[in-house]
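Colleague: So here's run-v9.txt (compact mmCIF, C-alpha atoms).
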```
# COMPACT_ATOMS: atom_id res chain seq x y z
CA MET O 21 126.99 72.31 86.78
CA ALA O 22 123.22 72.85 86.83
CA ASN O 23 123.39 73.85 90.50
CA VAL O 24 126.55 75.94 90.41
CA GLY O 25 124.46 79.13 90.84
CA TRP O 26 123.24 78.35 94.33
CA LEU O 27 126.31 76.34 95.33
CA SER O 28 128.41 79.48 94.88
CA ASP O 29 126.24 81.40 97.38
CA ILE O 30 127.72 81.98 100.83
CA ASP O 31 125.49 81.73 103.85
CA VAL O 32 125.37 84.71 106.20
CA GLN O 33 128.23 84.28 108.67
CA GLU O 34 129.93 86.43 111.25
CA LEU O 35 133.46 87.67 110.58
CA GLY O 36 136.12 85.55 112.26
CA GLU O 37 139.91 85.36 112.47
CA ASN O 38 140.32 83.94 108.96
CA VAL O 39 141.29 87.02 106.93
CA ALA O 40 140.81 85.37 103.52
CA GLN O 41 137.31 84.19 104.44
CA ASN O 42 136.38 87.66 105.76
CA ILE O 43 137.48 89.29 102.50
CA LYS O 44 135.42 86.77 100.54
CA LEU O 45 132.34 87.51 102.67
CA LEU O 46 132.68 91.27 102.38
CA SER O 47 133.37 91.30 98.65
CA GLN O 48 130.53 89.02 97.55
CA LYS O 49 127.78 90.56 95.38
CA LYS O 50 124.65 91.66 97.15
CA GLY O 51 121.80 90.15 95.15
CA GLU O 52 118.33 88.88 95.88
CA LYS O 53 118.54 86.91 99.09
CA SER O 54 117.48 83.28 98.91
CA LEU O 55 114.82 81.99 101.29
CA LEU O 56 116.81 78.81 101.94
CA THR O 57 120.37 78.29 103.13
CA ILE O 58 122.84 75.95 101.42
CA LYS O 59 122.31 73.41 104.19
CA GLU O 60 118.52 73.42 103.71
CA LYS O 61 118.84 73.14 99.93
CA SER O 62 121.22 70.20 100.34
CA ILE O 63 118.69 68.41 102.55
CA LEU O 64 115.92 69.02 100.00
CA MET O 65 118.06 67.51 97.24
CA LYS O 66 118.58 64.31 99.23
CA PRO O 67 116.47 61.22 98.48
CA VAL O 68 113.54 61.09 100.89
CA TRP O 69 114.70 57.84 102.52
CA GLU O 70 118.03 59.41 103.52
CA ARG O 71 116.52 62.35 105.45
CA THR O 72 116.83 62.05 109.22
CA GLU O 73 114.25 63.24 111.76
CA GLU O 74 116.54 66.09 112.74
CA GLU O 75 116.74 67.22 109.09
CA LYS O 76 112.96 67.01 108.75
CA ASN O 77 112.52 69.21 111.84
CA THR O 78 114.94 71.70 110.29
CA LEU O 79 112.89 71.74 107.08
CA TYR O 80 109.63 72.12 109.02
CA LYS O 81 110.84 75.37 110.63
CA VAL O 82 111.55 76.71 107.14
CA ILE O 83 108.51 75.34 105.29
CA LYS O 84 105.94 76.68 107.79
CA GLY O 85 107.20 80.21 107.14
CA LEU O 86 107.28 80.07 103.33
CA LYS O 87 104.64 82.09 101.50
CA CYS O 88 103.71 79.24 99.15
CA PHE O 89 102.85 76.87 102.06
CA ARG O 90 101.36 79.41 104.47
CA ARG O 91 97.72 78.50 103.82
CA TYR O 92 98.14 74.76 104.50
CA PRO O 93 97.51 73.18 107.95
CA ASP O 94 100.42 72.11 110.16
CA GLU O 95 99.91 68.38 109.58
CA VAL O 96 100.28 68.92 105.82
CA LYS O 97 103.45 70.98 106.37
CA ARG O 98 104.89 68.15 108.46
CA LYS O 99 104.30 65.69 105.64
CA LEU O 100 105.80 68.08 103.08
CA THR O 101 109.18 67.95 104.85
CA ALA O 102 109.57 64.32 103.77
CA VAL O 103 108.49 64.62 100.12
CA THR O 104 109.47 68.13 98.97
CA HIS O 105 112.46 68.56 96.60
CA PHE O 106 114.53 71.57 95.52
CA VAL O 107 115.51 72.47 91.95
CA TYR O 108 117.44 75.42 90.50
CA TYR O 109 116.96 76.69 86.92
CA GLY O 110 118.57 79.48 84.94
CA PRO O 111 116.62 81.88 82.70
CA GLY O 112 115.01 80.51 79.54
CA ARG O 113 114.43 77.00 80.88
CA VAL O 114 111.10 75.30 80.04
CA VAL O 115 109.84 73.78 83.29
CA VAL O 116 106.44 72.60 82.02
CA ARG O 117 105.54 72.12 78.35
CA GLN O 118 101.99 72.20 77.00
CA GLY O 119 100.71 68.77 76.00
CA ASN O 120 103.28 66.78 78.00
CA TYR O 121 102.53 64.23 80.70
CA ALA O 122 102.45 65.76 84.22
CA HIS O 123 105.12 64.47 86.61
CA ALA O 124 105.16 67.11 89.39
CA ILE O 125 103.68 70.25 90.94
CA TYR O 126 105.93 73.30 91.47
CA PHE O 127 106.18 76.16 94.00
CA ILE O 128 108.22 79.30 93.25
CA LEU O 129 110.70 80.38 95.94
CA LYS O 130 112.60 82.98 93.92
CA GLY O 131 112.41 84.30 90.37
CA GLU O 132 109.71 84.68 87.73
CA ILE O 133 107.89 82.16 85.53
CA ALA O 134 106.22 83.20 82.24
CA ILE O 135 103.08 81.38 81.05
CA SER O 136 102.29 80.83 77.37
CA ILE O 137 99.56 78.85 75.60
CA LYS O 138 99.45 77.60 72.01
CA ILE O 139 96.04 77.73 70.33
CA TRP O 140 94.89 76.99 66.79
CA ASP O 141 93.92 80.12 64.85
CA GLY O 142 91.22 79.07 62.40
CA LEU O 143 91.52 82.33 60.47
CA LYS O 144 95.27 82.12 59.90
CA GLN O 145 95.24 78.31 59.80
CA GLU O 146 98.26 78.08 62.09
CA TRP O 147 99.24 77.65 65.75
CA VAL O 148 99.48 80.96 67.64
CA THR O 149 101.26 81.49 70.98
CA ILE O 150 99.43 83.62 73.55
CA TYR O 151 101.51 84.95 76.44
CA GLY O 152 99.76 85.20 79.80
CA GLU O 153 100.68 86.61 83.18
CA THR O 154 104.03 86.18 84.92
CA MET O 155 104.14 84.28 88.22
CA GLY O 156 106.44 85.18 91.08
CA ALA O 157 107.56 84.04 94.52
CA GLY O 158 104.81 82.23 96.44
CA ASP O 159 102.88 81.09 93.36
CA MET O 160 102.10 77.48 92.45
CA PHE O 161 101.73 75.88 89.01
CA GLY O 162 101.22 72.45 87.47
CA GLU O 163 98.45 71.32 89.83
CA MET O 164 95.61 71.21 87.27
CA SER O 165 97.10 68.39 85.22
CA LEU O 166 97.86 66.28 88.30
CA LEU O 167 94.44 66.79 89.84
CA HIS O 168 92.44 65.82 86.73
CA ASP O 169 95.03 63.49 85.14
CA ILE O 170 95.22 65.48 81.90
CA PRO O 171 98.18 66.74 79.80
CA ARG O 172 99.76 70.07 80.60
CA THR O 173 97.49 72.94 79.55
CA ALA O 174 100.21 75.62 79.26
CA THR O 175 103.97 76.10 78.92
CA CYS O 176 105.85 77.60 81.88
CA THR O 177 109.29 79.10 81.17
CA THR O 178 111.72 80.76 83.57
CA SER O 179 112.16 84.48 82.87
CA THR O 180 114.93 84.86 85.44
CA THR O 181 117.04 82.62 87.64
CA CYS O 182 114.53 80.54 89.63
CA GLU O 183 114.55 78.44 92.76
CA LEU O 184 111.64 76.00 92.90
CA LEU O 185 110.25 73.39 95.24
CA TYR O 186 108.38 70.48 93.68
CA LEU O 187 106.35 67.43 94.66
CA LYS O 188 106.32 64.30 92.54
CA ARG O 189 103.05 62.95 91.20
CA GLU O 190 102.63 60.16 93.77
CA ASP O 191 103.58 62.43 96.70
CA PHE O 192 101.07 65.08 95.56
CA ALA O 193 98.27 62.49 95.54
CA ALA O 194 99.17 61.31 99.05
CA VAL O 195 99.86 64.65 100.77
CA LEU O 196 98.35 67.67 99.02
CA LYS O 197 95.54 66.56 96.68
CA ALA O 198 92.78 66.35 99.30
CA THR O 199 93.69 69.77 100.73
CA LEU O 200 93.61 71.45 97.32
CA ILE O 201 90.28 69.83 96.41
CA LYS O 202 88.80 71.14 99.68
CA GLU O 203 90.18 74.62 98.97
CA TRP O 204 88.83 74.66 95.41
CA ASP O 205 85.41 73.44 96.56
CA TYR O 206 85.30 76.41 98.94
CA ASN O 207 86.22 78.73 96.04
CA LYS O 208 83.46 77.19 93.94
CA GLN O 209 80.96 77.76 96.75
CA ALA O 210 82.11 81.39 96.96
CA MET O 211 81.67 81.84 93.19
CA GLY O 212 78.07 80.64 93.56
CA MET O 213 77.27 83.83 95.54
CA PHE O 214 77.69 85.96 92.38
CA PRO O 215 75.31 85.79 89.41
CA TYR O 216 78.15 86.58 86.97
CA PHE O 217 79.23 82.92 87.00
CA ASP O 218 75.78 81.30 86.73
CA ARG O 219 76.01 80.49 83.01
CA TRP O 220 79.60 79.29 83.00
CA ASP O 221 80.26 75.70 82.07
CA GLU O 222 81.79 73.25 84.54
CA ILE O 223 85.28 73.40 82.99
CA SER O 224 85.46 77.21 83.18
CA VAL O 225 84.27 77.21 86.81
CA ARG O 226 86.83 74.52 87.71
CA GLU O 227 89.69 76.45 86.12
CA CYS O 228 88.61 79.67 87.85
CA CYS O 229 88.57 77.88 91.22
CA MET O 230 92.13 76.69 90.65
CA LEU O 231 93.41 80.15 89.70
CA SER O 232 91.51 82.08 92.38
CA ARG O 233 92.14 82.50 96.08
CA ILE O 234 90.33 83.91 99.10
CA ASN O 235 91.96 86.61 101.24
CA THR O 236 90.79 88.22 104.47
CA PHE O 237 91.38 91.85 105.50
CA GLU O 238 91.16 93.43 108.94
CA PRO O 239 89.38 96.77 109.63
CA SER O 240 91.31 99.82 108.34
CA GLU O 241 93.55 97.60 106.18
CA ILE O 242 94.11 98.73 102.58
CA VAL O 243 92.62 96.12 100.25
CA TYR O 244 93.53 97.69 96.94
CA GLY O 245 95.28 100.89 95.85
CA PHE O 246 98.06 103.17 97.15
CA GLY O 247 100.62 100.48 96.26
CA LYS O 248 98.72 97.70 98.09
CA GLY O 249 96.92 94.71 96.61
CA SER O 250 97.44 93.39 93.09
CA ASN O 251 96.11 94.89 89.86
CA LEU O 252 96.25 91.40 88.35
CA PHE O 253 93.17 90.32 90.31
CA ALA O 254 89.49 91.27 90.46
CA TYR O 255 88.00 91.35 93.96
CA PHE O 256 84.57 89.92 94.86
CA ILE O 257 83.36 90.75 98.39
CA LEU O 258 82.11 87.66 100.23
CA SER O 259 81.56 89.40 103.58
CA GLY O 260 82.24 92.77 105.16
CA ASP O 261 82.14 96.40 103.97
CA CYS O 262 84.76 98.53 102.21
CA GLN O 263 85.05 102.25 101.55
CA VAL O 264 86.56 104.02 98.54
CA ILE O 265 88.94 106.80 99.56
CA GLN O 266 89.94 109.55 97.11
CA GLN O 267 93.23 111.37 97.58
CA MET O 268 93.33 114.97 96.32
CA LYS O 269 96.05 117.60 96.16
CA VAL O 270 94.60 120.98 97.07
CA VAL O 271 96.37 124.32 96.64
CA VAL O 272 95.56 126.76 99.44
CA VAL O 273 95.89 130.31 98.16
CA ARG O 274 96.54 132.67 101.06
CA SER O 275 96.29 136.44 100.79
CA LYS O 276 96.12 139.27 103.30
CA THR O 277 92.33 139.30 103.39
CA LYS O 278 91.35 135.61 103.06
CA SER O 279 92.48 132.13 102.03
CA TYR O 280 90.63 129.77 99.70
CA PRO O 281 91.41 126.26 98.35
CA LYS O 282 91.49 125.08 94.75
CA LEU O 283 92.03 121.62 93.29
CA LEU O 284 95.48 120.90 91.85
CA TYR O 285 94.86 119.29 88.45
CA SER O 286 98.46 118.92 87.29
CA ARG O 287 101.07 117.54 89.67
CA GLY O 288 103.98 119.21 87.88
CA CYS O 289 102.34 122.64 87.88
CA PRO O 290 104.60 125.28 89.50
CA LEU O 291 103.21 127.05 92.56
CA LYS O 292 102.79 130.80 92.84
CA LYS O 293 103.76 132.94 95.79
CA GLY O 294 101.53 132.35 98.81
CA GLU O 295 100.25 128.94 97.57
CA VAL O 296 100.60 125.85 99.77
CA VAL O 297 99.78 122.27 98.69
CA GLU O 298 97.74 120.16 101.10
CA THR O 299 96.60 116.54 100.80
CA VAL O 300 92.91 115.84 101.36
CA PHE O 301 91.30 112.40 101.75
CA ALA O 302 87.57 111.92 101.24
CA GLN O 303 85.23 108.91 101.30
CA VAL O 304 83.66 108.54 97.87
CA CYS O 305 81.35 105.53 98.24
CA LEU O 306 80.98 102.09 99.86
CA PHE O 307 81.37 98.55 98.51
CA LEU O 308 79.17 96.00 100.28
CA LYS O 309 78.78 92.23 100.28
CA GLY O 310 78.10 90.84 96.80
CA GLN O 311 79.83 93.67 94.92
CA CYS O 312 83.11 93.60 92.99
CA PHE O 313 85.95 95.94 92.07
CA GLY O 314 89.37 95.81 90.46
CA ILE O 315 87.90 94.96 87.04
CA GLY O 316 90.00 97.71 85.43
CA GLU O 317 88.10 100.82 86.50
CA ASP O 318 89.85 104.13 87.11
CA MET O 319 91.76 103.89 90.41
CA GLU O 320 94.06 106.91 90.10
CA ASP O 321 94.75 108.34 93.58
CA ARG O 322 92.13 105.99 95.04
CA ALA O 323 92.25 103.23 97.60
CA ILE O 324 89.74 100.70 98.88
CA ILE O 325 89.93 100.21 102.66
CA ALA O 326 88.14 97.59 104.75
CA LEU O 327 85.63 99.07 107.21
CA THR O 328 84.95 95.73 108.91
CA HIS O 329 86.48 92.26 108.80
CA THR O 330 86.29 91.59 105.04
CA GLU O 331 86.68 88.41 102.99
CA CYS O 332 87.29 88.66 99.24
CA LEU O 333 87.43 86.15 96.40
CA MET O 334 90.33 87.16 94.14
CA CYS O 335 90.12 86.02 90.49
CA PRO O 336 92.81 86.75 87.86
CA ARG O 337 91.60 89.73 85.81
CA GLN O 338 93.26 88.55 82.61
CA TRP O 339 91.55 85.17 82.89
CA LEU O 340 88.16 86.84 83.44
CA MET O 341 88.64 89.00 80.34
CA ALA O 342 89.46 85.87 78.35
CA HIS O 343 86.03 84.52 79.43
CA ASN O 344 84.17 87.80 78.78
CA LYS O 345 80.83 86.26 77.82
CA ALA O 346 78.21 88.81 76.70
CA ASN O 347 80.87 91.46 77.33
CA ILE O 348 79.91 91.31 81.03
CA TRP O 349 83.22 92.44 82.55
CA THR O 350 83.59 95.39 80.18
CA ARG O 351 80.07 96.52 81.10
CA ILE O 352 80.83 96.21 84.82
CA LYS O 353 83.99 98.28 84.33
CA CYS O 354 82.03 101.01 82.50
CA CYS O 355 79.35 100.95 85.22
CA LEU O 356 81.94 101.43 87.98
CA ASP O 357 83.60 104.30 86.08
CA ARG O 358 80.18 105.95 85.67
CA GLU O 359 78.83 105.44 89.19
CA ILE O 360 81.95 106.22 91.27
CA PRO O 361 82.24 110.03 91.50
CA LYS O 362 85.19 111.67 89.79
CA ARG O 363 87.80 113.62 91.69
CA GLU O 364 86.35 116.96 90.57
CA ASP O 365 82.84 115.98 91.69
CA VAL O 366 84.13 114.86 95.09
CA TYR O 367 85.99 118.15 95.56
CA ARG O 368 82.90 120.15 94.54
CA THR O 369 80.78 118.24 97.09
CA ILE O 370 83.36 118.91 99.81
CA LEU O 371 83.22 122.66 99.09
CA GLU O 372 79.40 122.64 99.17
CA HIS O 373 79.36 120.91 102.58
CA ARG O 374 82.02 123.28 103.90
CA ASN O 375 80.13 126.37 102.72
CA TRP O 376 76.87 125.03 104.19
CA ALA O 377 78.59 124.37 107.56
CA GLU O 378 80.00 127.92 107.61
CA TYR O 379 76.57 129.38 106.76
CA LYS O 380 74.84 127.43 109.56
CA GLU O 381 77.50 128.54 112.04
CA LYS O 382 76.95 132.19 111.10
CA VAL O 383 73.16 131.86 111.43
CA VAL O 384 73.39 130.20 114.85
CA TYR O 385 75.92 132.76 116.07
CA SER O 386 73.80 135.69 114.96
CA ALA O 387 70.66 134.18 116.56
CA LEU O 388 72.45 133.58 119.87
CA ARG O 389 73.94 137.07 119.82
CA GLU O 390 70.53 138.69 119.34
CA SER O 391 68.90 136.60 122.09
CA ALA O 392 71.67 137.52 124.52
CA PHE O 393 70.22 141.04 124.85
CA ARG O 394 66.62 139.83 125.27
CA ASN O 395 65.68 137.25 127.92
CA ASP O 396 61.97 136.98 128.82
CA THR O 397 62.22 133.81 130.90
CA SER O 398 61.74 133.73 134.69
CA ARG O 399 62.29 131.25 137.52
CA HIS O 400 58.75 129.91 137.10
CA ASP O 401 59.48 128.78 133.52
CA VAL O 402 61.80 126.11 134.91
CA PRO O 403 60.03 122.75 135.63
CA TYR O 404 59.22 122.22 139.31
CA HIS O 405 61.10 118.92 139.46
CA ASN O 406 64.29 120.57 138.21
CA ARG O 407 63.97 123.38 140.76
CA LEU O 408 63.51 120.86 143.60
CA PHE O 409 66.51 118.88 142.50
CA HIS O 410 68.60 122.07 142.34
CA GLU O 411 67.37 123.10 145.79
CA VAL O 412 68.27 119.71 147.33
CA VAL O 413 71.72 119.78 145.79
CA GLN O 414 72.30 123.33 147.06
CA ASN O 415 71.08 122.59 150.62
CA ARG O 416 72.56 119.12 151.03
CA ARG O 417 76.01 119.13 149.44
CA GLY O 418 77.08 116.25 151.69
CA TYR O 419 75.05 113.69 149.67
CA LYS O 420 77.35 111.25 147.86
CA PHE O 421 74.80 109.00 146.17
CA TYR O 422 72.00 109.71 143.76
CA GLU O 423 69.70 107.41 145.80
CA ASP O 424 69.87 109.82 148.71
CA LEU O 425 68.88 112.68 146.43
CA GLN O 426 66.01 110.65 145.06
CA GLN O 427 64.72 109.85 148.57
CA GLU O 428 64.82 113.53 149.45
CA LEU O 429 62.86 114.39 146.31
CA ASN O 430 60.23 111.78 147.12
CA LYS O 431 59.78 113.30 150.59
CA LYS O 432 59.34 116.74 149.00
CA PHE O 433 56.69 115.42 146.63
CA GLU O 434 54.82 113.64 149.45
CA ALA O 435 54.80 116.85 151.47
```
Using the file provided, produce a representation of the structure as structure tokens.
Modeller:
Amino acid sequence: MANVGWLSDIDVQELGENVAQNIKLLSQKKGEKSLLTIKEKSILMKPVWERTEEEKNTLYKVIKGLKCFRRYPDEVKRKLTAVTHFVYYGPGRVVVRQGNYAHAIYFILKGEIAISIKIWDGLKQEWVTIYGETMGAGDMFGEMSLLHDIPRTATCTTSTTCELLYLKREDFAAVLKATLIKEWDYNKQAMGMFPYFDRWDEISVRECCMLSRINTFEPSEIVYGFGKGSNLFAYFILSGDCQVIQQMKVVVVRSKTKSYPKLLYSRGCPLKKGEVVETVFAQVCLFLKGQCFGIGEDMEDRAIIALTHTECLMCPRQWLMAHNKANIWTRIKCCLDREIPKREDVYRTILEHRNWAEYKEKVVYSALRESAFRNDTSRHDVPYHNRLFHEVVQNRRGYKFYEDLQQELNKKFEA
């Protein structure tokens, strides 16, 4: 009964001669597609000693493409095919409870998991529940307790119908523990590049390493903004350069005599006759190695794009704000809001550059036009070498190589 949800799913099949089966396929509800078929789920629910080599190869083709296992090496993925299990939970099910003994580590295939923590409020003299972020497909939870052999530090509850993969405690120690420790050590080394974490205690640094991840971005790839990236994370640049791009809506007012642009402040503002809306993109500033963004600063109509191959350490923003010692993150946010030019300032700078370019063009054009009627130069003002070269080219058009021209020039000079 616990698995009736996924057992009722029908794998994608082609229509055949069985009319009743075709009707059943066509009339089934179109919901969120599962990443695993019924056959693959059945294999994952088998005891590990009953899985054949053929079934393990089938699981390997699936596991190597899953988002939650993408960052692990191939040899680890091979081992996971023999020890990974599948479980299905409905909404409202407590998967991990704070304070309990840790038995497994979990990976989310489908659905959402809500995190909550109970803390003692000394002022109210009672236990208070704090609700944290919601995890989705591709996320992992439960690893901290297994790695350090401590009770669960938070409660994880399903918000929707969830499909999970899990590893038992002994299998985690044999297959995945060393890989995660290596990954977290790399995160800790990356955190050491930023002075913000210098005064953190060892426990806070360890927890941040577990919650953080490192992502790489190719040139011209959007790192954050315009619907890309995650506003749940703060980004710390380990290597590479990024540019901040501001998008602006400009109304071009066209009349019989001239046309001039003006910034559109309100998106819902009705346009007058002869007005056309154009989209303008402008580079505002650069983010270099050692800098951070995504702390909560104003990112309306802005995007951060990688100029070169960029590597970023991504830390959960909510977790950073919970460890806001000396109000450091709030001050960084205020500094970014103050230093990054506003949309109006960017537009004003664009107009100034445009007006200056038009002025220079007019000055150059007028100077060239005046000099066209007055030319005091003669043939003797041209350097002798240039005149010789021109003479050789005119007299000997059959030369195909510059070396021949050079030899002829040398003979002229010797003469």
Colleague: From the set O:Val243, O:Glu364, O:Ala346, O:Gln303, which residue has the shortest atom-to-atom contact distance to O:Cys332, counting all atoms listed in the file?
Modeller: O:Val243
Colleague: What lies within 12 Å of O:Tyr216 using all atoms listed in the file, ignoring chain neighbours under 3 positions off, as a ChimeraX atom specification?
Modeller: /O:210-213,219-220,225,256,310-312,340,343-349,351-352
Colleague: Could you check which of O:Ser224, O:Thr299, O:Ser179, O:Gln263 is closest to O:Ile325, using all atoms listed in the file?
Modeller: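 Between O:Ser224, O:Thr299, O:Ser179, O:Gln263, the residue approaching O:Ile325 most closely is O:Gln263.
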Colleague: Identify which of the residues O:Lys208, O:Ile360, O:Glu434, O:Val273 lies closest to O:Cys335, counting all atoms listed in the file when measuring atom-to-atom distances.
Modeller: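 Of the candidates, the smallest distance to O:Cys335 is held by O:Lys208.
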Colleague: With all atoms listed in the file as the atoms that count, which of O:Arg91, O:Arg98, O:Arg322, O:Arg368 lies nearest to O:Arg233?
Modeller: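 Closest to O:Arg233 of all the choices is O:Arg91.
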Colleague: Could you tell me which of O:Val366, O:Ile324, O:Ala387, O:Leu185 comes closest to O:Cys262 if we count only C-alpha atoms?
Modeller: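 Nearest candidate to O:Cys262 out of O:Val366, O:Ile324, O:Ala387, O:Leu185: O:Ile324.
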Colleague: Under the rule that all atoms listed in the file are counted, which of O:Thr199, O:Phe106, O:Lys81, O:Cys88 is the nearest residue to O:Ser62?
Modeller: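 Of O:Thr199, O:Phe106, O:Lys81, O:Cys88, the one nearest O:Ser62 is O:Phe106, counting all atoms listed in the file.
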Colleague: Please work out which residues fall within 8 Å of (90.2, 76.9, 91.6), coordinates as given in the file, with only C-alpha atoms counting, and return them as a PDB file with C-alpha atoms, in the coordinates of the input.
Modeller:
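Generated output (selection16.pdb):
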```pdb
ATOM      1  CA  GLU O 203      90.180  74.620  98.970  1.00  0.00           C
ATOM      2  CA  TRP O 204      88.830  74.660  95.410  1.00  0.00           C
ATOM      3  CA  ASP O 205      85.410  73.440  96.560  1.00  0.00           C
ATOM      4  CA  ASN O 207      86.220  78.730  96.040  1.00  0.00           C
ATOM      5  CA  LYS O 208      83.460  77.190  93.940  1.00  0.00           C
ATOM      6  CA  VAL O 225      84.270  77.210  86.810  1.00  0.00           C
ATOM      7  CA  ARG O 226      86.830  74.520  87.710  1.00  0.00           C
ATOM      8  CA  GLU O 227      89.690  76.450  86.120  1.00  0.00           C
ATOM      9  CA  CYS O 228      88.610  79.670  87.850  1.00  0.00           C
ATOM     10  CA  CYS O 229      88.570  77.880  91.220  1.00  0.00           C
ATOM     11  CA  MET O 230      92.130  76.690  90.650  1.00  0.00           C
ATOM     12  CA  LEU O 231      93.410  80.150  89.700  1.00  0.00           C
ATOM     13  CA  SER O 232      91.510  82.080  92.380  1.00  0.00           C
ATOM     14  CA  ARG O 233      92.140  82.500  96.080  1.00  0.00           C
TER      15      ARG O 233
END
```
Colleague: Mind listing whatever residues come within 9 Å of the point (110.3, 67.3, 94.6)? Use all atoms listed in the file, file coordinates, and give them as a list in words.
Modeller: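 It turns out the residues near that spot are Leu64, Met65, Val103, Thr104, His105, Phe106, Val107, Ala124, Ile125, Tyr126, Leu184, Leu185, Tyr186, Leu187, Lys188 and Asp191 of chain O.
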Colleague: Give me the residues within 12 Å of stretch 115-123 of chain O as a VMD selection string, counting only C-alpha atoms and dropping any in the same chain fewer than 2 places off.
Modeller: chain O and resid 107 to 113 125 to 128 132 to 139 149 161 to 179 182 to 193
Colleague: What is the distance between atom CA of O:Thr330 and atom CA of O:Ile257, in Å to one decimal?
Modeller: 7.3 Å
Colleague: Listed atoms of stretch 71-87 of chain O, axis-aligned box, 8 Å per side: centre and edge lengths to one decimal in Å, as lines of an AutoDock Vina configuration file?
Modeller:
```
center_x = 110.7
center_y = 72.1
center_z = 107.1
size_x = 28.2
size_y = 36.0
size_z = 27.2
```
